[in-house]
$ cat model-v8.tsv   # TSV, C-alpha atoms
chain	number	residue	atom	x	y	z
A	1	MET	CA	-46.54	-8.01	-22.08
A	2	GLU	CA	-43.31	-6.60	-20.68
A	3	MET	CA	-43.18	-4.06	-23.53
A	4	LEU	CA	-46.73	-2.89	-22.79
A	5	LYS	CA	-45.84	-2.52	-19.12
A	6	ASP	CA	-42.82	-0.35	-20.00
A	7	LEU	CA	-44.91	1.80	-22.36
A	8	LEU	CA	-47.56	2.38	-19.71
A	9	LEU	CA	-44.80	3.23	-17.23
A	10	VAL	CA	-43.34	5.83	-19.60
A	11	ILE	CA	-46.77	7.36	-20.25
A	12	GLY	CA	-47.43	7.48	-16.51
A	13	ARG	CA	-44.10	9.24	-15.91
A	14	ILE	CA	-44.84	11.84	-18.59
A	15	ILE	CA	-48.25	12.55	-17.07
A	16	THR	CA	-46.81	12.94	-13.56
A	17	ILE	CA	-43.59	14.78	-14.39
A	18	LEU	CA	-44.93	17.49	-16.73
A	19	PRO	CA	-47.10	19.13	-14.03
A	20	LEU	CA	-44.08	19.06	-11.73
A	21	LEU	CA	-41.96	20.75	-14.40
A	22	LEU	CA	-44.64	23.41	-14.87
A	23	ILE	CA	-44.64	24.16	-11.15
A	24	VAL	CA	-40.83	24.19	-11.08
A	25	THR	CA	-40.69	26.63	-14.03
A	26	LEU	CA	-43.14	28.98	-12.32
A	27	ILE	CA	-41.11	28.79	-9.11
A	28	MET	CA	-37.86	29.54	-10.97
A	29	GLY	CA	-39.42	32.70	-12.38
A	30	LYS	CA	-39.76	34.46	-15.72
A	31	ARG	CA	-36.01	35.09	-16.12
A	32	ALA	CA	-35.32	31.37	-16.33
A	33	ILE	CA	-37.34	31.05	-19.54
A	34	GLY	CA	-37.22	34.61	-20.87
A	35	GLU	CA	-33.54	35.52	-20.72
A	36	LEU	CA	-31.62	32.35	-19.91
A	37	PRO	CA	-28.56	33.74	-18.11
A	38	VAL	CA	-25.62	31.37	-17.88
A	39	PHE	CA	-26.57	29.68	-14.60
A	40	ASP	CA	-30.25	29.31	-15.53
A	41	PHE	CA	-29.19	27.90	-18.90
A	42	LEU	CA	-27.19	25.21	-17.10
A	43	ILE	CA	-30.15	24.51	-14.82
A	44	VAL	CA	-32.42	23.98	-17.82
A	45	ILE	CA	-29.88	21.61	-19.42
A	46	VAL	CA	-29.58	19.55	-16.23
A	47	LEU	CA	-33.34	19.42	-15.76
A	48	GLY	CA	-33.74	18.25	-19.34
A	49	ALA	CA	-31.15	15.52	-18.84
A	50	VAL	CA	-32.74	14.31	-15.60
A	51	VAL	CA	-36.27	14.32	-16.97
A	52	GLY	CA	-35.24	12.79	-20.30
A	53	ALA	CA	-33.43	9.91	-18.61
A	54	ASP	CA	-36.37	9.29	-16.30
A	55	ILE	CA	-38.89	9.16	-19.14
A	56	ALA	CA	-36.81	7.16	-21.59
A	57	ASP	CA	-35.46	4.53	-19.20
A	58	PRO	CA	-38.09	2.59	-17.23
A	59	ALA	CA	-35.28	1.02	-15.15
A	60	ILE	CA	-34.62	4.39	-13.47
A	61	HIS	CA	-36.55	4.84	-10.23
A	62	HIS	CA	-39.13	7.63	-10.40
A	63	ILE	CA	-38.92	8.99	-6.85
A	64	PRO	CA	-35.20	9.93	-7.03
A	65	THR	CA	-36.01	11.89	-10.19
A	66	PHE	CA	-38.60	13.93	-8.28
A	67	VAL	CA	-36.06	14.55	-5.52
A	68	ALA	CA	-33.43	15.60	-8.09
A	69	ILE	CA	-35.83	18.05	-9.77
A	70	LEU	CA	-36.85	19.62	-6.47
A	71	THR	CA	-33.20	19.88	-5.36
A	72	ILE	CA	-32.19	21.56	-8.63
A	73	THR	CA	-35.09	24.00	-8.25
A	74	LEU	CA	-34.10	24.81	-4.67
A	75	LEU	CA	-30.51	25.40	-5.80
A	76	GLN	CA	-31.66	27.75	-8.57
A	77	ARG	CA	-33.84	29.75	-6.20
A	78	THR	CA	-31.04	29.96	-3.63
A	79	VAL	CA	-28.50	31.18	-6.19
A	80	ALA	CA	-31.03	33.67	-7.58
A	81	TYR	CA	-31.53	35.08	-4.07
A	82	TRP	CA	-27.77	35.29	-3.51
A	83	LYS	CA	-27.37	37.11	-6.83
A	84	LEU	CA	-29.89	39.72	-5.74
A	85	SER	CA	-28.31	40.08	-2.30
A	86	HIS	CA	-24.67	40.05	-3.43
A	87	ARG	CA	-23.92	41.76	-6.74
A	88	LYS	CA	-20.35	40.42	-6.83
A	89	LEU	CA	-21.65	36.84	-6.81
A	90	GLY	CA	-23.92	37.70	-9.70
A	91	LYS	CA	-20.96	38.98	-11.70
A	92	TRP	CA	-19.00	35.78	-11.06
A	93	ILE	CA	-21.70	33.43	-12.38
A	94	THR	CA	-22.96	35.41	-15.37
A	95	PHE	CA	-21.68	37.60	-18.20
A	96	GLU	CA	-21.43	41.36	-17.97
A	97	PRO	CA	-22.93	43.60	-20.69
A	98	THR	CA	-20.20	44.52	-23.17
A	99	ILE	CA	-20.01	47.53	-25.50
A	100	VAL	CA	-19.00	46.16	-28.90
A	101	ILE	CA	-19.64	49.25	-31.05
A	102	GLN	CA	-19.00	52.87	-30.10
A	103	ASP	CA	-19.44	55.80	-32.49
A	104	GLY	CA	-19.73	53.43	-35.44
A	105	LYS	CA	-16.45	51.64	-34.65
A	106	LEU	CA	-16.17	47.98	-33.73
A	107	GLN	CA	-14.36	47.38	-30.44
A	108	ARG	CA	-11.99	44.59	-31.37
A	109	ALA	CA	-10.67	43.90	-27.88
A	110	LYS	CA	-14.19	43.62	-26.48
A	111	LEU	CA	-15.26	41.28	-29.28
A	112	LYS	CA	-12.24	39.11	-28.67
A	113	LYS	CA	-12.93	38.98	-24.95
A	114	ILE	CA	-16.48	37.68	-25.40
A	115	ARG	CA	-15.52	35.53	-28.42
A	116	TYR	CA	-17.89	37.21	-30.85
A	117	SER	CA	-16.94	37.56	-34.50
A	118	ILE	CA	-17.67	40.54	-36.73
A	119	ASP	CA	-20.15	38.38	-38.63
A	120	ASN	CA	-22.03	37.65	-35.39
A	121	VAL	CA	-22.41	41.34	-34.64
A	122	LEU	CA	-23.34	42.33	-38.20
A	123	GLN	CA	-26.03	39.64	-38.28
A	124	MET	CA	-27.46	40.85	-34.98
A	125	LEU	CA	-27.46	44.43	-36.31
A	126	ARG	CA	-29.40	43.34	-39.39
A	127	GLU	CA	-31.94	41.68	-37.10
A	128	LYS	CA	-32.35	45.15	-35.56
A	129	ASN	CA	-32.86	46.64	-39.05
A	130	VAL	CA	-29.45	48.28	-38.94
A	131	PHE	CA	-27.53	47.69	-42.14
A	132	ASP	CA	-24.88	50.37	-41.87
A	133	ILE	CA	-22.55	50.17	-38.89
A	134	SER	CA	-21.80	53.89	-39.20
A	135	GLU	CA	-25.39	54.58	-38.07
A	136	VAL	CA	-24.71	53.01	-34.67
A	137	GLU	CA	-23.63	55.15	-31.76
A	138	THR	CA	-23.53	52.33	-29.21
A	139	ALA	CA	-24.22	48.60	-29.40
A	140	ILE	CA	-24.13	46.38	-26.34
A	141	ILE	CA	-24.04	42.60	-26.02
A	142	GLU	CA	-26.25	41.91	-23.01
A	143	ALA	CA	-25.68	39.23	-20.38
A	144	ASN	CA	-28.13	36.91	-22.16
A	145	GLY	CA	-26.30	37.28	-25.51
A	146	SER	CA	-28.79	39.63	-27.16
A	147	LEU	CA	-27.79	42.92	-28.80
A	148	SER	CA	-29.05	46.34	-27.72
A	149	VAL	CA	-28.53	49.19	-30.17
A	150	ILE	CA	-28.65	52.98	-29.89
A	151	LYS	CA	-28.52	54.68	-33.29
A	152	LYS	CA	-27.00	58.07	-33.83
A	153	PRO	CA	-29.60	60.84	-33.32
A	154	GLU	CA	-29.64	61.87	-36.97
A	155	LYS	CA	-30.22	58.25	-38.01
A	156	ASN	CA	-33.22	57.64	-35.77
A	157	THR	CA	-36.62	57.10	-37.35
A	158	VAL	CA	-38.67	60.30	-37.32
A	159	THR	CA	-41.66	60.24	-34.96
A	160	ARG	CA	-44.51	62.67	-34.41
A	161	GLU	CA	-42.65	64.05	-31.43
A	162	ASP	CA	-39.58	64.60	-33.57
A	163	MET	CA	-41.55	66.83	-35.91
A	164	ALA	CA	-41.68	69.42	-33.16
A	165	ILE	CA	-38.57	68.52	-31.13
A	166	SER	CA	-35.35	67.33	-32.68
A	167	HIS	CA	-32.77	65.18	-30.94
A	168	THR	CA	-29.57	66.91	-29.93
A	169	ASN	CA	-28.01	64.12	-27.90
A	170	SER	CA	-28.23	60.36	-27.64
A	171	THR	CA	-30.30	58.75	-24.94
A	172	ILE	CA	-27.59	56.45	-23.56
A	173	THR	CA	-26.96	56.74	-19.85
A	174	PHE	CA	-24.32	55.31	-17.52
A	175	PRO	CA	-24.89	53.95	-13.99
A	176	VAL	CA	-23.32	55.99	-11.22
A	177	ILE	CA	-25.15	54.49	-8.23
A	178	VAL	CA	-26.32	50.89	-7.98
A	179	GLU	CA	-27.98	49.82	-4.74
A	180	GLY	CA	-26.21	52.56	-2.81
A	181	LYS	CA	-22.77	51.93	-4.29
A	182	VAL	CA	-21.14	54.82	-6.14
A	183	TYR	CA	-19.21	54.06	-9.31
A	184	GLU	CA	-16.56	56.76	-9.18
A	185	SER	CA	-14.92	55.49	-12.37
A	186	VAL	CA	-18.04	56.54	-14.28
A	187	LEU	CA	-17.92	59.99	-12.69
A	188	GLU	CA	-14.28	60.32	-13.70
A	189	ARG	CA	-15.20	59.70	-17.34
A	190	PHE	CA	-17.33	62.83	-17.12
A	191	GLN	CA	-14.58	64.71	-15.24
A	192	LEU	CA	-16.73	64.67	-12.11
A	193	ASP	CA	-16.24	63.35	-8.58
A	194	LYS	CA	-18.22	62.18	-5.58
A	195	THR	CA	-18.35	65.73	-4.20
A	196	TRP	CA	-20.28	66.80	-7.28
A	197	LEU	CA	-22.59	63.82	-6.87
A	198	ASP	CA	-23.22	64.59	-3.20
A	199	LYS	CA	-24.14	68.17	-4.10
A	200	GLN	CA	-26.58	66.98	-6.75
A	201	LEU	CA	-28.26	64.64	-4.27
A	202	GLU	CA	-28.32	67.35	-1.61
A	203	THR	CA	-29.98	69.75	-4.04
A	204	GLN	CA	-32.79	67.22	-4.48
A	205	ASN	CA	-32.92	66.41	-0.74
A	206	ILE	CA	-31.97	62.80	-1.41
A	207	LEU	CA	-29.76	60.67	0.81
A	208	LEU	CA	-27.28	58.33	-0.84
A	209	ASP	CA	-28.58	55.38	1.19
A	210	SER	CA	-32.06	55.91	-0.27
A	211	VAL	CA	-30.90	55.65	-3.90
A	212	PHE	CA	-31.60	52.32	-5.59
A	213	TYR	CA	-30.25	53.30	-9.03
A	214	ALA	CA	-28.94	56.51	-10.57
A	215	SER	CA	-27.62	57.15	-14.05
A	216	ILE	CA	-26.01	60.06	-15.83
A	217	ASN	CA	-26.24	61.16	-19.45
A	218	LYS	CA	-23.84	63.13	-21.61
A	219	ASP	CA	-25.42	66.38	-20.44
A	220	LYS	CA	-24.37	65.44	-16.90
A	221	GLN	CA	-28.00	65.07	-15.84
A	222	LEU	CA	-28.91	62.57	-13.15
A	223	HIS	CA	-31.89	60.25	-13.29
A	224	ILE	CA	-32.60	58.70	-9.91
A	225	SER	CA	-34.74	55.79	-8.74
A	226	LEU	CA	-35.26	55.54	-4.99
A	227	ILE	CA	-35.42	52.34	-2.97
A	228	ASP	CA	-38.98	53.08	-1.92
A	229	GLU	CA	-40.07	54.42	-5.29
A	230	GLN	CA	-43.84	54.37	-5.70
A	231	THR	CA	-45.64	53.88	-8.99
A	232	SER	CA	-49.14	54.82	-10.00
A	233	LEU	CA	-49.28	52.31	-12.86
A	234	PRO	CA	-51.76	49.44	-12.50
A	235	PRO	CA	-50.39	45.89	-12.37
A	236	ILE	CA	-50.03	44.03	-15.65
A	237	VAL	CA	-52.47	41.14	-15.92
A	238	HIS	CA	-53.21	38.53	-18.55

$ encode --input "model-v8.tsv" --output "structure tokens"
Amino acid sequence: MEMLKDLLLVIGRIITILPLLLIVTLIMGKRAIGELPVFDFLIVIVLGAVVGADIADPAIHHIPTFVAILTITLLQRTVAYWKLSHRKLGKWITFEPTIVIQDGKLQRAKLKKIRYSIDNVLQMLREKNVFDISEVETAIIEANGSLSVIKKPEKNTVTREDMAISHTNSTITFPVIVEGKVYESVLERFQLDKTWLDKQLETQNILLDSVFYASINKDKQLHISLIDEQTSLPPIVH
């Protein structure tokens, strides 16, 4: 009889806690399940431990588990807001994207810093259908651990557009303005300075404070997204 009571208790907890977890996941947002940055990964582990203990052990009180789940969710949302409001905080609690291949050459120091082996990178390249490292112009380990690859122009797959227009440069760009902050170190790599940037913005009648994100390519061309950028695309629905 006691065993049956415990089994019914476990079933009841599963039925009540799964809807709560669904709501919590939706509140945490798509990034929590789609990318799993470091902090969100820890949140998922803790939630799993709390929920698993609650379901498996009938001796654990159910109400404190609900309180723990809601508290963890509130913490995740608070940290996510802080990350958006304060970029430095975001850098402290997550990984930065790291260039691990440049011009077909592995960057040993960068690999060592993020504790990736050559085999790790080669496997990830193969998953991108890249089997020759010399074809890669730039490969980046993203904050979530995935690999982004830009192949050398002559190694790109030919498209219909390419039949009429050939690539002369790669499409990689570098951020020069992020939420109004100018990255002068990036400008220096292109032998440019903030005066040049100010002139480019002035030419387009754009104020620095109105720039949300701006990047520069190897042709020293700026691509700018404004804070109040409007889009004509319809919303994505499912």

$ atom_distance --input "model-v8.tsv" --atom1 "CA of Ser85 (chain A)" --atom2 "CA of Tyr213 (chain A)"
15.0 Å

$ residues_around --input "model-v8.tsv" --residues "region 6-13 of chain A" --least-positions-apart "5" --cutoff "12 Å" --atoms "all atoms listed in the file" --output "PyMOL selection string"
chain A and resi 1+18-21+51-63+65-66

$ atom_distance --input "model-v8.tsv" --atom1 "CA of Leu207 (chain A)" --atom2 "CA of Tyr183 (chain A)"
16.0 Å

$ residues_near_point --input "model-v8.tsv" --point "(-24.4, 59.1, -31.8)" --cutoff "8 Å" --atoms "only C-alpha atoms" --output "PDB file with C-alpha atoms, keeping the file's coordinate frame"
ATOM      1  CA  ASP A 103     -19.440  55.800 -32.490  1.00  0.00           C
ATOM      2  CA  GLU A 135     -25.390  54.580 -38.070  1.00  0.00           C
ATOM      3  CA  VAL A 136     -24.710  53.010 -34.670  1.00  0.00           C
ATOM      4  CA  GLU A 137     -23.630  55.150 -31.760  1.00  0.00           C
ATOM      5  CA  THR A 138     -23.530  52.330 -29.210  1.00  0.00           C
ATOM      6  CA  ILE A 150     -28.650  52.980 -29.890  1.00  0.00           C
ATOM      7  CA  LYS A 151     -28.520  54.680 -33.290  1.00  0.00           C
ATOM      8  CA  LYS A 152     -27.000  58.070 -33.830  1.00  0.00           C
ATOM      9  CA  PRO A 153     -29.600  60.840 -33.320  1.00  0.00           C
ATOM     10  CA  GLU A 154     -29.640  61.870 -36.970  1.00  0.00           C
ATOM     11  CA  ASN A 169     -28.010  64.120 -27.900  1.00  0.00           C
ATOM     12  CA  SER A 170     -28.230  60.360 -27.640  1.00  0.00           C
TER      13      SER A 170
END

$ atom_distance --input "model-v8.tsv" --atom1 "CA of Pro64 (chain A)" --atom2 "CA of Val50 (chain A)"
9.9 Å

$ closest_residue --input "model-v8.tsv" --among "A:Thr203, A:Thr173, A:Thr16, A:Thr78" --to "Ser215 (chain A)" --atoms "all atoms listed in the file"
A:Thr173

$ closest_residue --input "model-v8.tsv" --among "A:Leu4, A:Ile14, A:Ala49, A:Ile43" --to "Val79 (chain A)" --atoms "all atoms listed in the file"
A:Ile43

$ closest_residue --input "model-v8.tsv" --among "A:Gly104, A:Gly180, A:Gly145, A:Pro175" --to "Leu226 (chain A)" --atoms "only C-alpha atoms"
A:Gly180

$ closest_residue --input "model-v8.tsv" --among "A:Phe190, A:Leu197, A:Ile99, A:Gln204" --to "Asp219 (chain A)" --atoms "all atoms listed in the file"
A:Phe190

$ residues_around --input "model-v8.tsv" --residues "Ile101 (chain A)" --least-positions-apart "4" --cutoff "6 Å" --atoms "all atoms listed in the file" --output "PyMOL selection string"
chain A and resi 105-107+138-139

$ residues_around --input "model-v8.tsv" --residues "region 108-125 of chain A" --least-positions-apart "5" --cutoff "8 Å" --atoms "only C-alpha atoms" --output "list in words"
Thr98, Ile99, Val100, Val130, Phe131, Ile133, Leu147 and Val149 of chain A

$ closest_residue --input "model-v8.tsv" --among "A:Leu70, A:Leu42, A:Gly48, A:Ile141" --to "Ile23 (chain A)" --atoms "all atoms listed in the file"
A:Leu70

$ decode --input "model-v8.tsv" --residues "region 90-123 of chain A" --atoms "N, CA and C atoms" --output "mmCIF file, in the first residue's frame"
data_model
loop_
_atom_site.group_PDB
_atom_site.id
_atom_site.type_symbol
_atom_site.label_atom_id
_atom_site.label_comp_id
_atom_site.auth_asym_id
_atom_site.auth_seq_id
_atom_site.Cartn_x
_atom_site.Cartn_y
_atom_site.Cartn_z
ATOM 1 N N GLY A 90 28.163 40.395 -19.791
ATOM 2 C CA GLY A 90 27.975 39.277 -20.699
ATOM 3 C C GLY A 90 29.277 38.590 -21.048
ATOM 4 N N LYS A 91 30.345 39.374 -21.195
ATOM 5 C CA LYS A 91 31.653 38.795 -21.514
ATOM 6 C C LYS A 91 32.215 37.999 -20.344
ATOM 7 N N TRP A 92 31.883 38.421 -19.126
ATOM 8 C CA TRP A 92 32.420 37.731 -17.942
ATOM 9 C C TRP A 92 31.785 36.363 -17.749
ATOM 10 N N ILE A 93 30.516 36.202 -18.128
ATOM 11 C CA ILE A 93 29.814 34.956 -17.814
ATOM 12 C C ILE A 93 29.581 34.082 -19.046
ATOM 13 N N THR A 94 30.239 34.370 -20.143
ATOM 14 C CA THR A 94 30.137 33.510 -21.310
ATOM 15 C C THR A 94 31.457 33.540 -22.060
ATOM 16 N N PHE A 95 31.570 32.705 -23.099
ATOM 17 C CA PHE A 95 32.781 32.663 -23.905
ATOM 18 C C PHE A 95 32.687 33.678 -25.032
ATOM 19 N N GLU A 96 33.817 34.154 -25.474
ATOM 20 C CA GLU A 96 33.880 35.034 -26.624
ATOM 21 C C GLU A 96 34.152 34.206 -27.878
ATOM 22 N N PRO A 97 33.612 34.615 -29.045
ATOM 23 C CA PRO A 97 33.969 33.930 -30.287
ATOM 24 C C PRO A 97 35.483 33.993 -30.500
ATOM 25 N N THR A 98 36.055 32.906 -30.996
ATOM 26 C CA THR A 98 37.507 32.818 -31.152
ATOM 27 C C THR A 98 37.862 32.347 -32.557
ATOM 28 N N ILE A 99 38.710 33.102 -33.239
ATOM 29 C CA ILE A 99 39.195 32.691 -34.563
ATOM 30 C C ILE A 99 40.239 31.599 -34.371
ATOM 31 N N VAL A 100 39.970 30.427 -34.931
ATOM 32 C CA VAL A 100 40.886 29.293 -34.766
ATOM 33 C C VAL A 100 41.610 28.941 -36.060
ATOM 34 N N ILE A 101 41.117 29.441 -37.191
ATOM 35 C CA ILE A 101 41.790 29.249 -38.479
ATOM 36 C C ILE A 101 41.759 30.556 -39.236
ATOM 37 N N GLN A 102 42.888 30.972 -39.761
ATOM 38 C CA GLN A 102 42.966 32.177 -40.579
ATOM 39 C C GLN A 102 43.866 31.890 -41.769
ATOM 40 N N ASP A 103 43.340 32.122 -42.967
ATOM 41 C CA ASP A 103 44.089 31.878 -44.207
ATOM 42 C C ASP A 103 44.631 30.442 -44.271
ATOM 43 N N GLY A 104 43.820 29.500 -43.832
ATOM 44 C CA GLY A 104 44.196 28.098 -43.919
ATOM 45 C C GLY A 104 45.173 27.629 -42.866
ATOM 46 N N LYS A 105 45.502 28.478 -41.895
ATOM 47 C CA LYS A 105 46.474 28.141 -40.858
ATOM 48 C C LYS A 105 45.784 28.051 -39.493
ATOM 49 N N LEU A 106 46.033 26.962 -38.790
ATOM 50 C CA LEU A 106 45.509 26.816 -37.437
ATOM 51 C C LEU A 106 46.187 27.802 -36.496
ATOM 52 N N GLN A 107 45.400 28.416 -35.623
ATOM 53 C CA GLN A 107 45.929 29.371 -34.656
ATOM 54 C C GLN A 107 46.170 28.636 -33.336
ATOM 55 N N ARG A 108 47.373 28.201 -33.148
ATOM 56 C CA ARG A 108 47.690 27.332 -32.011
ATOM 57 C C ARG A 108 47.381 27.991 -30.667
ATOM 58 N N ALA A 109 47.789 29.240 -30.514
ATOM 59 C CA ALA A 109 47.576 29.937 -29.245
ATOM 60 C C ALA A 109 46.095 30.049 -28.916
ATOM 61 N N LYS A 110 45.278 30.297 -29.943
ATOM 62 C CA LYS A 110 43.839 30.428 -29.717
ATOM 63 C C LYS A 110 43.233 29.079 -29.346
ATOM 64 N N LEU A 111 43.692 28.027 -30.009
ATOM 65 C CA LEU A 111 43.196 26.683 -29.690
ATOM 66 C C LEU A 111 43.545 26.303 -28.254
ATOM 67 N N LYS A 112 44.760 26.646 -27.861
ATOM 68 C CA LYS A 112 45.201 26.329 -26.512
ATOM 69 C C LYS A 112 44.383 27.093 -25.479
ATOM 70 N N LYS A 113 44.064 28.323 -25.793
ATOM 71 C CA LYS A 113 43.317 29.167 -24.859
ATOM 72 C C LYS A 113 41.926 28.608 -24.592
ATOM 73 N N ILE A 114 41.271 28.097 -25.635
ATOM 74 C CA ILE A 114 39.906 27.590 -25.459
ATOM 75 C C ILE A 114 39.893 26.081 -25.251
ATOM 76 N N ARG A 115 41.090 25.472 -25.172
ATOM 77 C CA ARG A 115 41.236 24.042 -24.888
ATOM 78 C C ARG A 115 40.563 23.168 -25.946
ATOM 79 N N TYR A 116 40.751 23.546 -27.193
ATOM 80 C CA TYR A 116 40.300 22.728 -28.312
ATOM 81 C C TYR A 116 41.513 22.063 -28.944
ATOM 82 N N SER A 117 41.367 20.800 -29.320
ATOM 83 C CA SER A 117 42.455 20.101 -29.997
ATOM 84 C C SER A 117 42.287 20.233 -31.511
ATOM 85 N N ILE A 118 43.336 19.897 -32.243
ATOM 86 C CA ILE A 118 43.264 19.924 -33.699
ATOM 87 C C ILE A 118 42.181 18.963 -34.179
ATOM 88 N N ASP A 119 42.096 17.804 -33.522
ATOM 89 C CA ASP A 119 41.092 16.819 -33.921
ATOM 90 C C ASP A 119 39.680 17.377 -33.766
ATOM 91 N N ASN A 120 39.442 18.141 -32.692
ATOM 92 C CA ASN A 120 38.131 18.762 -32.499
ATOM 93 C C ASN A 120 37.767 19.643 -33.690
ATOM 94 N N VAL A 121 38.719 20.488 -34.074
ATOM 95 C CA VAL A 121 38.458 21.440 -35.156
ATOM 96 C C VAL A 121 38.284 20.726 -36.484
ATOM 97 N N LEU A 122 39.136 19.739 -36.773
ATOM 98 C CA LEU A 122 39.032 19.002 -38.033
ATOM 99 C C LEU A 122 37.694 18.264 -38.137
ATOM 100 N N GLN A 123 37.236 17.706 -37.023
ATOM 101 C CA GLN A 123 35.940 17.037 -37.034
ATOM 102 C C GLN A 123 34.825 18.028 -37.333
#
